[in-house]
Amino acid sequence: MRLFVAMDIPEAVREVLGKLRARFETICREARWTRLEGVHVTLKFIGEVPELRVEQVQAALGALAPRPPIAVSFAGLGFFPNERRPRVFWAGIEGGDALRELAMEIETRLKPLGIPREDREFRPHLTLARFDSPKAASLSRLRDAAAEFALTEFGRTIVGEFHLYQSVLKRTGAEYTRLATYRLSPEPGS
């Protein structure tokens, strides 16, 4: 099974990004634009795991230390690895040390199961589009349009849970199934 750990985003943020995407899509048609109903904050891409090991992954995630809910803001637009030769167009996420520490603890809990740590620095984002080799003219127009929103905030939320998802790749795009939900702090009185 192909697995990842993620937080969901508020519907209001999804709606704002949907309006922006509609505008940007007309500017750069050759980009592969993501379906916004599936956009999420990836905390850890696990990859392929034998079905027999899924329970171990679930138990490891369930053993994370309780922590307060995390304040998250969605702001800004950018490109990975850079705007000159982009592979990804993204909307930014700011969750401070609390979000980074959660992602690091997830990495730590999964490592004993043979799931390798991510080599790259944790950079939370929402993928809006992917590029194979965009045309210079449309990419330039997209960069200019994105620059208008470089500091724009698209919404805020308090995140109190994260999820383990299964991803099934299909011709129409990835299909996600939530396998488990983990609360950041225990229910009151438990």
# chains A, B, ... in the order shown; residues from 1 in each chain; ligands from 1
$ residues_around --residues "A:Ala147" --least-positions-apart "4" --cutoff "10 Å" --atoms "only C-alpha atoms" --output "list in words"
Gly76, Leu77, Gly78, Arg141, Leu142, Arg143, Leu151 and Thr152 of chain A
$ write_last_selection --atoms "N, CA and C atoms" --output "compact mmCIF listing (two decimals), in the first residue's frame"
# COMPACT_ATOMS: atom_id res chain seq x y z
N GLY A 76 1.15 32.99 0.72
CA GLY A 76 2.22 33.10 -0.26
C GLY A 76 2.20 32.01 -1.31
N LEU A 77 2.89 32.28 -2.41
CA LEU A 77 3.02 31.34 -3.52
C LEU A 77 4.49 31.25 -3.91
N GLY A 78 4.89 30.12 -4.45
CA GLY A 78 6.28 29.98 -4.87
C GLY A 78 6.48 28.77 -5.74
N ARG A 141 4.57 34.72 -17.38
CA ARG A 141 3.28 35.32 -16.98
C ARG A 141 2.81 34.74 -15.65
N LEU A 142 3.02 33.43 -15.44
CA LEU A 142 2.63 32.80 -14.17
C LEU A 142 3.46 33.37 -13.02
N ARG A 143 4.76 33.52 -13.22
CA ARG A 143 5.62 34.11 -12.18
C ARG A 143 5.15 35.51 -11.82
N LEU A 151 2.73 37.61 -0.73
CA LEU A 151 2.57 37.79 0.71
C LEU A 151 1.12 37.66 1.15
N THR A 152 0.25 37.24 0.26
CA THR A 152 -1.18 37.14 0.57
C THR A 152 -1.46 35.95 1.48
$ closest_atom_pairs --of "stretch 25-123 of chain A" --to "stretch 178-182 of chain A" --cutoff "12 Å" --atoms "only C-alpha atoms" --output "JSON lines"
{"residue": "A:Gly38", "atom": "CA", "partner": "A:Arg178", "partner_atom": "CA", "distance": 11.5}
{"residue": "A:His40", "atom": "CA", "partner": "A:Arg178", "partner_atom": "CA", "distance": 11.9}
{"residue": "A:Glu51", "atom": "CA", "partner": "A:Leu179", "partner_atom": "CA", "distance": 12.0}
{"residue": "A:Val54", "atom": "CA", "partner": "A:Leu179", "partner_atom": "CA", "distance": 9.4}
{"residue": "A:Glu55", "atom": "CA", "partner": "A:Ala180", "partner_atom": "CA", "distance": 10.2}
{"residue": "A:Val57", "atom": "CA", "partner": "A:Ala180", "partner_atom": "CA", "distance": 10.3}
{"residue": "A:Gln58", "atom": "CA", "partner": "A:Ala180", "partner_atom": "CA", "distance": 7.3}
{"residue": "A:Ala59", "atom": "CA", "partner": "A:Ala180", "partner_atom": "CA", "distance": 10.3}
{"residue": "A:Ala60", "atom": "CA", "partner": "A:Tyr182", "partner_atom": "CA", "distance": 10.9}
{"residue": "A:Leu61", "atom": "CA", "partner": "A:Tyr182", "partner_atom": "CA", "distance": 7.5}
{"residue": "A:Gly62", "atom": "CA", "partner": "A:Tyr182", "partner_atom": "CA", "distance": 6.5}
{"residue": "A:Ala63", "atom": "CA", "partner": "A:Tyr182", "partner_atom": "CA", "distance": 9.6}
{"residue": "A:Leu64", "atom": "CA", "partner": "A:Tyr182", "partner_atom": "CA", "distance": 9.0}
{"residue": "A:Ala65", "atom": "CA", "partner": "A:Tyr182", "partner_atom": "CA", "distance": 11.0}
{"residue": "A:Pro66", "atom": "CA", "partner": "A:Tyr182", "partner_atom": "CA", "distance": 10.0}
{"residue": "A:Arg67", "atom": "CA", "partner": "A:Tyr182", "partner_atom": "CA", "distance": 11.4}
{"residue": "A:Pro69", "atom": "CA", "partner": "A:Tyr182", "partner_atom": "CA", "distance": 11.7}
{"residue": "A:Leu102", "atom": "CA", "partner": "A:Tyr182", "partner_atom": "CA", "distance": 11.9}
{"residue": "A:Ile106", "atom": "CA", "partner": "A:Tyr182", "partner_atom": "CA", "distance": 11.6}
$ write_last_selection --atoms "C-alpha atoms" --output "tab-separated table (two decimals), in the first residue's frame"
chain	number	residue	atom	x	y	z
A	38	GLY	CA	-7.29	16.23	-2.72
A	40	HIS	CA	-3.48	18.38	1.99
A	51	GLU	CA	-0.32	-4.55	4.00
A	54	VAL	CA	0.18	-1.06	8.07
A	55	GLU	CA	-0.84	-1.90	11.65
A	57	VAL	CA	2.67	2.16	11.06
A	58	GLN	CA	-0.67	2.94	12.72
A	59	ALA	CA	0.67	1.94	16.14
A	60	ALA	CA	3.82	4.05	15.69
A	61	LEU	CA	1.75	7.11	14.77
A	62	GLY	CA	-0.58	6.46	17.69
A	63	ALA	CA	2.41	6.55	20.07
A	64	LEU	CA	3.27	10.19	19.32
A	65	ALA	CA	3.48	12.39	22.39
A	66	PRO	CA	0.36	14.49	23.03
A	67	ARG	CA	0.74	18.13	22.11
A	69	PRO	CA	-3.31	21.89	18.59
A	102	LEU	CA	5.36	17.14	14.72
A	106	ILE	CA	6.62	11.31	12.86
$ closest_residue --among "A:Ala12, A:Met7, A:Ala75, A:Thr34" --to "A:Ala150" --atoms "only C-alpha atoms"
A:Ala75
$ residues_around --residues "A:Arg183" --least-positions-apart "2" --cutoff "8 Å" --atoms "only C-alpha atoms" --output "count of residues only"
6
$ atom_distance --atom1 "atom CA of A:Lys135" --atom2 "atom CA of A:Arg85"
10.7 Å
